[in-house]
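Student: The file below is final00.csv, CSV, C-alpha atoms:
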```
chain,number,residue,atom,x,y,z
A,1,MET,CA,0.0,0.0,0.0
A,2,THR,CA,1.3,3.5,-0.9
A,3,LYS,CA,1.8,5.6,2.2
A,4,LYS,CA,0.1,9.0,2.3
A,5,ALA,CA,1.6,12.0,4.0
A,6,LEU,CA,0.0,15.4,4.8
A,7,ILE,CA,2.4,18.3,5.2
A,8,THR,CA,1.4,21.7,6.7
A,9,GLY,CA,3.6,24.5,5.6
A,10,ILE,CA,4.4,22.8,2.3
A,11,THR,CA,5.1,26.0,0.5
A,12,GLY,CA,7.9,26.9,2.9
A,13,GLN,CA,11.6,25.9,2.7
A,14,ASP,CA,11.3,22.7,4.8
A,15,GLY,CA,7.9,21.7,3.3
A,16,SER,CA,9.3,21.8,-0.2
A,17,TYR,CA,12.3,19.7,0.6
A,18,LEU,CA,10.2,17.2,2.7
A,19,ALA,CA,7.7,16.9,-0.2
A,20,GLU,CA,10.5,16.1,-2.6
A,21,PHE,CA,12.0,13.6,-0.2
A,22,LEU,CA,8.7,11.8,0.5
A,23,LEU,CA,7.9,11.6,-3.3
A,24,SER,CA,11.3,10.0,-3.8
A,25,LYS,CA,10.2,7.4,-1.2
A,26,GLY,CA,7.1,6.6,-3.1
A,27,TYR,CA,4.6,8.5,-0.9
A,28,GLU,CA,1.4,10.1,-2.1
A,29,VAL,CA,2.0,13.7,-0.8
A,30,TYR,CA,-0.6,16.1,0.2
A,31,GLY,CA,0.0,19.7,1.2
A,32,MET,CA,-2.2,21.9,3.3
A,33,VAL,CA,-2.4,25.5,2.2
A,34,ARG,CA,-4.3,28.4,3.6
A,35,ARG,CA,-6.7,30.3,1.2
A,36,THR,CA,-5.2,33.8,0.7
A,37,SER,CA,-5.5,36.4,-2.1
A,38,THR,CA,-1.8,35.9,-2.9
A,39,VAL,CA,-0.5,32.3,-2.7
A,40,ARG,CA,3.2,31.7,-3.5
A,41,TYR,CA,4.1,28.3,-4.8
A,42,GLU,CA,7.7,29.0,-6.1
A,43,ARG,CA,9.4,26.5,-3.8
A,44,ILE,CA,7.2,23.6,-5.0
A,45,GLN,CA,6.6,24.6,-8.6
A,46,GLU,CA,8.8,21.9,-10.0
A,47,ILE,CA,6.9,19.2,-8.2
A,48,GLN,CA,3.4,20.8,-7.9
A,49,HIS,CA,2.0,18.5,-10.6
A,50,ARG,CA,2.9,15.5,-8.3
A,51,LEU,CA,1.3,17.0,-5.2
A,52,ARG,CA,-2.3,17.2,-4.0
A,53,LEU,CA,-3.1,20.4,-2.3
A,54,VAL,CA,-5.9,20.7,0.3
A,55,GLN,CA,-7.2,23.8,2.1
A,56,GLY,CA,-6.9,24.3,5.8
A,57,ASP,CA,-6.0,26.9,8.4
A,58,MET,CA,-4.0,26.4,11.6
A,59,GLY,CA,-6.3,28.8,13.2
A,60,ASP,CA,-9.4,26.8,12.5
A,61,LEU,CA,-10.0,23.4,14.0
A,62,SER,CA,-12.9,22.4,11.8
A,63,SER,CA,-10.9,23.0,8.6
A,64,LEU,CA,-8.1,20.8,10.0
A,65,ILE,CA,-10.5,18.0,10.8
A,66,THR,CA,-12.0,18.3,7.3
A,67,ALA,CA,-8.5,18.2,5.6
A,68,ILE,CA,-7.3,15.2,7.6
A,69,SER,CA,-10.6,13.4,7.0
A,70,ALA,CA,-10.4,14.0,3.3
A,71,VAL,CA,-6.7,12.9,3.0
A,72,GLU,CA,-6.7,10.0,5.5
A,73,PRO,CA,-2.9,10.3,5.9
A,74,ASP,CA,-0.6,7.7,7.5
A,75,GLU,CA,1.7,10.6,8.6
A,76,VAL,CA,1.2,14.3,9.3
A,77,TYR,CA,4.2,16.6,9.3
A,78,ASN,CA,3.4,20.0,11.0
A,79,LEU,CA,5.8,22.5,9.6
A,80,ALA,CA,3.3,25.4,9.6
A,81,ALA,CA,4.3,28.4,11.8
A,82,GLN,CA,4.9,32.1,12.0
A,83,SER,CA,8.6,31.2,12.0
A,84,PHE,CA,10.5,34.5,11.7
A,85,VAL,CA,11.8,35.4,15.1
A,86,PRO,CA,11.9,39.3,14.8
A,87,THR,CA,8.3,39.3,13.5
A,88,SER,CA,7.2,37.5,16.7
A,89,TRP,CA,7.9,40.6,18.7
A,90,ASN,CA,5.7,42.7,16.4
A,91,GLN,CA,3.0,40.0,16.2
A,92,PRO,CA,3.3,38.1,19.5
A,93,VAL,CA,-0.4,37.1,19.7
A,94,PHE,CA,-0.6,35.9,16.1
A,95,THR,CA,2.7,33.9,16.6
A,96,GLY,CA,1.3,32.3,19.8
A,97,ASP,CA,-2.0,31.4,18.1
A,98,ILE,CA,-0.5,29.8,15.0
A,99,THR,CA,2.9,28.5,16.2
A,100,GLY,CA,1.6,27.4,19.6
A,101,LEU,CA,-2.1,26.8,19.7
A,102,GLY,CA,-2.1,25.7,16.1
A,103,VAL,CA,-0.3,22.6,17.2
A,104,THR,CA,-3.0,21.8,19.6
A,105,ARG,CA,-5.7,22.2,17.0
A,106,LEU,CA,-3.8,19.9,14.6
A,107,LEU,CA,-3.2,17.3,17.2
A,108,ASP,CA,-6.8,17.4,18.3
A,109,ALA,CA,-7.8,16.9,14.6
A,110,VAL,CA,-5.6,13.8,14.4
A,111,ARG,CA,-7.0,12.5,17.7
A,112,THR,CA,-10.6,13.1,16.4
A,113,VAL,CA,-10.2,11.6,13.0
A,114,ASN,CA,-7.7,8.8,13.5
A,115,PRO,CA,-5.3,8.5,16.5
A,116,ALA,CA,-3.2,5.9,14.6
A,117,ILE,CA,-1.8,8.7,12.4
A,118,ARG,CA,1.8,9.3,13.1
A,119,PHE,CA,2.6,13.0,13.8
A,120,TYR,CA,5.7,15.1,13.5
A,121,GLN,CA,6.0,18.5,15.2
A,122,ALA,CA,8.7,20.9,14.1
A,123,SER,CA,10.3,22.2,17.3
A,124,SER,CA,13.1,24.7,17.3
A,125,SER,CA,16.5,25.4,18.9
A,126,GLU,CA,15.1,28.8,19.8
A,127,MET,CA,13.3,27.1,22.7
A,128,PHE,CA,16.7,26.9,24.4
A,129,GLY,CA,17.2,30.6,24.2
A,130,LYS,CA,19.2,31.6,27.3
A,131,VAL,CA,20.9,28.3,27.3
A,132,ARG,CA,21.3,26.2,30.4
A,133,GLU,CA,24.1,24.1,29.0
A,134,VAL,CA,26.4,23.8,26.0
A,135,PRO,CA,25.8,21.9,23.8
A,136,GLN,CA,22.0,21.5,24.0
A,137,ARG,CA,20.5,18.1,24.0
A,138,GLU,CA,17.0,16.6,24.4
A,139,THR,CA,17.1,16.9,28.2
A,140,THR,CA,18.4,20.6,28.3
A,141,PRO,CA,15.8,22.8,30.0
A,142,PHE,CA,14.2,25.4,27.8
A,143,TYR,CA,14.5,29.2,28.4
A,144,PRO,CA,13.0,30.9,25.3
A,145,ARG,CA,14.0,34.5,24.6
A,146,SER,CA,11.3,35.5,22.0
A,147,PRO,CA,7.6,35.1,21.5
A,148,TYR,CA,8.4,32.6,18.8
A,149,GLY,CA,10.6,30.6,21.1
A,150,VAL,CA,7.8,30.6,23.8
A,151,ALA,CA,5.2,29.5,21.2
A,152,LYS,CA,7.5,26.7,20.1
A,153,VAL,CA,7.9,25.5,23.7
A,154,TYR,CA,4.1,25.3,24.0
A,155,GLY,CA,3.9,23.3,20.7
A,156,HIS,CA,6.6,21.0,21.9
A,157,TRP,CA,5.1,20.2,25.3
A,158,ILE,CA,1.5,19.8,23.9
A,159,THR,CA,2.9,17.3,21.5
A,160,ILE,CA,4.4,15.3,24.4
A,161,ASN,CA,1.1,15.7,26.3
A,162,TYR,CA,-1.0,14.3,23.5
A,163,ARG,CA,1.5,11.4,23.1
A,164,GLU,CA,1.3,10.5,26.8
A,165,SER,CA,-2.4,11.2,27.2
A,166,TYR,CA,-3.9,9.7,24.0
A,167,ASP,CA,-1.1,7.2,23.0
A,168,ILE,CA,-0.6,9.1,19.7
A,169,PHE,CA,2.7,8.4,17.9
A,170,ALA,CA,3.9,12.0,18.1
A,171,CYS,CA,7.5,13.1,17.8
A,172,SER,CA,9.2,16.5,18.0
A,173,GLY,CA,12.3,17.3,16.1
A,174,ILE,CA,14.3,20.0,17.8
A,175,LEU,CA,15.9,21.4,14.7
A,176,PHE,CA,18.7,23.8,14.9
A,177,ASN,CA,19.1,26.4,12.2
A,178,HIS,CA,18.8,24.9,8.7
A,179,GLU,CA,19.3,26.8,5.5
A,180,SER,CA,19.2,26.4,1.8
A,181,PRO,CA,18.9,28.4,-1.5
A,182,ARG,CA,15.1,28.4,-0.8
A,183,ARG,CA,15.5,30.3,2.5
A,184,GLY,CA,13.5,33.5,2.8
A,185,MET,CA,15.2,36.8,2.4
A,186,GLU,CA,14.3,37.8,6.0
A,187,PHE,CA,16.7,35.2,7.4
A,188,VAL,CA,20.3,36.3,8.0
A,189,THR,CA,21.9,33.5,6.0
A,190,ARG,CA,19.9,34.3,2.8
A,191,LYS,CA,20.3,38.0,3.4
A,192,VAL,CA,24.1,37.6,3.5
A,193,THR,CA,24.4,35.3,0.4
A,194,TYR,CA,21.9,37.4,-1.6
A,195,HIS,CA,23.8,40.6,-0.8
A,196,ALA,CA,27.2,39.0,-1.5
A,197,ALA,CA,25.8,38.1,-4.9
A,198,LYS,CA,24.4,41.5,-5.6
A,199,ILE,CA,27.6,43.3,-4.6
A,200,LYS,CA,29.6,40.8,-6.7
A,201,LEU,CA,27.5,41.7,-9.7
A,202,GLY,CA,27.7,45.5,-9.0
A,203,LEU,CA,24.1,45.8,-8.1
A,204,GLU,CA,24.7,47.0,-4.6
A,205,ASP,CA,27.5,48.4,-2.4
A,206,GLU,CA,26.8,47.4,1.2
A,207,ILE,CA,25.0,45.0,3.5
A,208,ARG,CA,23.6,46.3,6.8
A,209,ILE,CA,23.8,43.6,9.5
A,210,GLY,CA,23.1,43.2,13.2
A,211,ASN,CA,25.1,41.3,15.8
A,212,LEU,CA,28.3,39.9,14.3
A,213,ASP,CA,29.1,37.8,17.3
A,214,SER,CA,25.9,35.9,17.4
A,215,LYS,CA,26.6,32.2,16.8
A,216,ARG,CA,24.4,29.4,15.4
A,217,ASP,CA,24.6,25.8,14.5
A,218,TRP,CA,23.7,26.0,10.8
A,219,GLY,CA,22.9,22.9,8.6
A,220,TYR,CA,21.4,22.1,5.3
A,221,ALA,CA,17.6,21.9,5.2
A,222,GLY,CA,17.7,19.1,2.6
A,223,ASP,CA,19.6,16.9,5.2
A,224,TYR,CA,17.2,17.8,8.0
A,225,VAL,CA,14.0,16.6,6.4
A,226,GLU,CA,15.3,13.1,6.2
A,227,ALA,CA,15.6,13.1,10.0
A,228,MET,CA,11.9,14.2,10.2
A,229,TRP,CA,10.9,11.1,8.2
A,230,LEU,CA,13.2,8.8,10.1
A,231,MET,CA,11.6,9.8,13.4
A,232,LEU,CA,8.2,8.5,12.2
A,233,GLN,CA,9.6,5.2,11.0
A,234,GLN,CA,10.8,4.1,14.5
A,235,ASP,CA,9.0,1.6,16.7
A,236,GLU,CA,8.5,4.1,19.5
A,237,PRO,CA,7.9,7.9,19.4
A,238,GLU,CA,10.7,10.0,20.8
A,239,ASP,CA,12.0,13.6,20.5
A,240,TYR,CA,15.3,14.3,18.9
A,241,VAL,CA,17.8,17.2,18.5
A,242,ILE,CA,18.8,17.6,14.9
A,243,ALA,CA,22.0,19.6,14.4
A,244,THR,CA,25.5,19.5,13.1
A,245,GLY,CA,27.2,19.9,16.5
A,246,ARG,CA,29.2,22.8,15.1
A,247,THR,CA,28.7,26.5,15.6
A,248,HIS,CA,29.6,29.5,13.4
A,249,SER,CA,29.3,33.3,14.0
A,250,VAL,CA,27.6,35.8,11.8
A,251,GLU,CA,31.1,37.2,11.1
A,252,ARG,CA,32.2,33.8,9.8
A,253,LEU,CA,29.0,33.6,7.7
A,254,LEU,CA,30.0,36.9,6.1
A,255,GLU,CA,33.5,35.7,5.6
A,256,VAL,CA,32.5,32.5,3.8
A,257,ALA,CA,29.8,34.0,1.7
A,258,PHE,CA,31.7,37.0,0.5
A,259,GLY,CA,34.9,34.9,0.1
A,260,HIS,CA,33.0,32.6,-2.2
A,261,ALA,CA,32.1,35.6,-4.3
A,262,GLY,CA,35.7,36.8,-4.3
A,263,LEU,CA,35.0,39.7,-2.0
A,264,ASN,CA,36.2,41.0,1.4
A,265,TRP,CA,33.2,41.3,3.6
A,266,ARG,CA,34.8,44.1,5.7
A,267,ASP,CA,34.7,46.4,2.7
A,268,HIS,CA,30.9,46.1,2.5
A,269,ALA,CA,29.3,45.2,5.9
A,270,VAL,CA,27.8,48.0,8.1
A,271,GLN,CA,26.5,47.2,11.6
A,272,ASP,CA,23.0,48.5,12.1
A,273,PRO,CA,21.3,48.6,15.5
A,274,ARG,CA,17.9,48.1,13.8
A,275,PHE,CA,18.8,44.5,13.3
A,276,MET,CA,19.7,43.8,16.9
A,277,ARG,CA,17.3,41.6,18.8
A,278,PRO,CA,15.6,43.0,22.0
A,279,ALA,CA,16.8,39.8,23.8
A,280,GLU,CA,19.6,37.9,22.1
A,281,VAL,CA,20.0,34.2,22.6
A,282,ASP,CA,23.2,32.7,23.8
A,283,LEU,CA,25.4,30.1,22.1
A,284,LEU,CA,23.1,27.6,20.3
A,285,VAL,CA,24.9,24.4,19.4
A,286,GLY,CA,23.1,21.1,19.3
A,287,ASP,CA,24.2,17.6,20.4
A,288,PRO,CA,22.9,15.3,17.7
A,289,SER,CA,24.3,12.1,19.3
A,290,LYS,CA,20.9,10.6,20.0
A,291,ALA,CA,19.8,11.1,16.3
A,292,HIS,CA,23.1,9.5,15.2
A,293,ALA,CA,22.7,6.5,17.5
A,294,LYS,CA,19.0,5.8,17.1
A,295,LEU,CA,18.1,7.1,13.7
A,296,GLY,CA,21.4,6.6,12.0
A,297,TRP,CA,21.2,10.2,10.8
A,298,GLU,CA,24.2,12.3,9.9
A,299,PRO,CA,24.4,15.7,8.1
A,300,ALA,CA,25.9,15.4,4.7
A,301,VAL,CA,26.5,19.0,3.7
A,302,SER,CA,29.1,21.1,5.5
A,303,PHE,CA,28.6,24.8,6.5
A,304,GLU,CA,31.0,26.0,3.9
A,305,GLU,CA,29.4,23.9,1.2
A,306,LEU,CA,25.9,25.1,2.2
A,307,ILE,CA,26.9,28.8,2.1
A,308,GLY,CA,28.7,28.3,-1.2
A,309,MET,CA,25.6,26.6,-2.6
A,310,MET,CA,23.4,29.5,-1.6
A,311,VAL,CA,25.8,32.2,-3.0
A,312,GLU,CA,25.9,30.3,-6.4
A,313,SER,CA,22.1,30.0,-6.5
A,314,ASP,CA,21.7,33.8,-5.8
A,315,LEU,CA,24.4,34.7,-8.4
A,316,LYS,CA,22.5,32.6,-11.0
A,317,LYS,CA,19.1,34.1,-10.2
A,318,LEU,CA,20.5,37.6,-10.3
A,319,ARG,CA,22.3,37.1,-13.6
A,320,ASP,CA,19.1,35.7,-15.1
A,321,ASN,CA,17.1,38.6,-13.6
A,322,PRO,CA,19.0,41.6,-12.2
A,323,ASP,CA,15.8,43.2,-11.0
A,324,LEU,CA,14.8,40.1,-9.0
A,325,VAL,CA,12.9,40.8,-5.8
A,326,VAL,CA,12.9,37.7,-3.6
```
Produce structure tokens that represent the structure in this file.
Tutor:
Amino acid sequence: MTKKALITGITGQDGSYLAEFLLSKGYEVYGMVRRTSTVRYERIQEIQHRLRLVQGDMGDLSSLITAISAVEPDEVYNLAAQSFVPTSWNQPVFTGDITGLGVTRLLDAVRTVNPAIRFYQASSSEMFGKVREVPQRETTPFYPRSPYGVAKVYGHWITINYRESYDIFACSGILFNHESPRRGMEFVTRKVTYHAAKIKLGLEDEIRIGNLDSKRDWGYAGDYVEAMWLMLQQDEPEDYVIATGRTHSVERLLEVAFGHAGLNWRDHAVQDPRFMRPAEVDLLVGDPSKAHAKLGWEPAVSFEELIGMMVESDLKKLRDNPDLVV
């Protein structure tokens, strides 16, 4: 029997990579999309003819029940969220409703329609925030430092609560930062690679950036979606940290990206206080040893390879269309 998977947030970076991965595994893949006046399918346009899209809204329980009832999936992957950390300070209530309570609605829809459905929740390293230990592992206490991080903590714990209360096969993947050429322009990695490409092509002179000392554990999104799938193939549901175990500063990110373009970042980067967070997180670096041991998962793409891949992609896009607005 062909397995069926329903992905929320399928038009996002992770959703598009996960959809491709599941299709390669022979799945029938459904994506849940919210009805809006402007729907962007750029990330899935190459595979859209192989997908089946259904309407649903993380803010509306009845629509989630309807979508799950119509699809009858074997697996549900919840990747939907208001996921940009700075926006969560401007829209804290919306972030809490979709990123936090939305998980409860989706879990309750699964429980109502078919508790045998396997459920994946996209948790985040931002839950660790003001870190209690370095590196962070599955047992590290959470101390979120943004409304987004707080909402993700709620989503994480409600997933555990439904697992323990209703015997649902529900897992959370605590994913550290994962990037790709499909990353949105609002994220610092894509902002840096895009500006490096624009400056290389003479389309811009500078990049305005925030905290250069901020460090993150950055990996490749294409590697991380395999870990999501592996979690739902296990005999027992558990939560896993997915990370590279290595950390890099924003300064190093600039150095690698601009270096790949043959530029010196110091000639073009300007620190701008507008891009400083109200509450910065500390050193985020994950311990993926549990995922290595139990899932057999290892990241395949290095940080340097990832950033080079992103710069090359942005150079190509800008050469093809110098007026590109991403």
Student: Looking at A:Leu53, A:Ala196, A:Leu306, A:Leu101, which one is nearest to His178 (chain A), with distances taken over only C-alpha atoms?
Tutor: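 Among the listed residues, A:Leu306 lies closest to His178 (chain A).
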Student: So what do you get for CA of Tyr224 (chain A) versus CA of His248 (chain A), distance-wise?
Tutor: 17.9 Å
Student: Please return as a list of chain:residue names every residue within 10 Å of (9.6, 11.0, 11.3), taking into account all atoms listed in the file and the file's own coordinates.
Tutor: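 Final list of nearby residues, as requested, is A:Glu75, A:Val76, A:Tyr77, A:Arg118, A:Phe119, A:Tyr120, A:Gln121, A:Phe169, A:Ala170, A:Cys171, A:Ser172, A:Gly173, A:Val225, A:Glu226, A:Ala227, A:Met228, A:Trp229, A:Leu230, A:Met231, A:Leu232, A:Gln233, A:Gln234, A:Pro237, A:Glu238, A:Asp239, A:Leu295.
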Student: Restricting the calculation to all atoms listed in the file: of A:Ile44, A:Ile65, A:Ala197, A:Val103, which residue gets closest to Tyr154 (chain A)?
Tutor: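 Looking only at the distances to Tyr154 (chain A), the closest residue turns out to be A:Val103.
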Student: Could you tell me how far CA of Leu107 (chain A) lies from CA of Glu298 (chain A), in Å and to one decimal?
Tutor: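 Between these atoms lies a distance of 28.8 Å.
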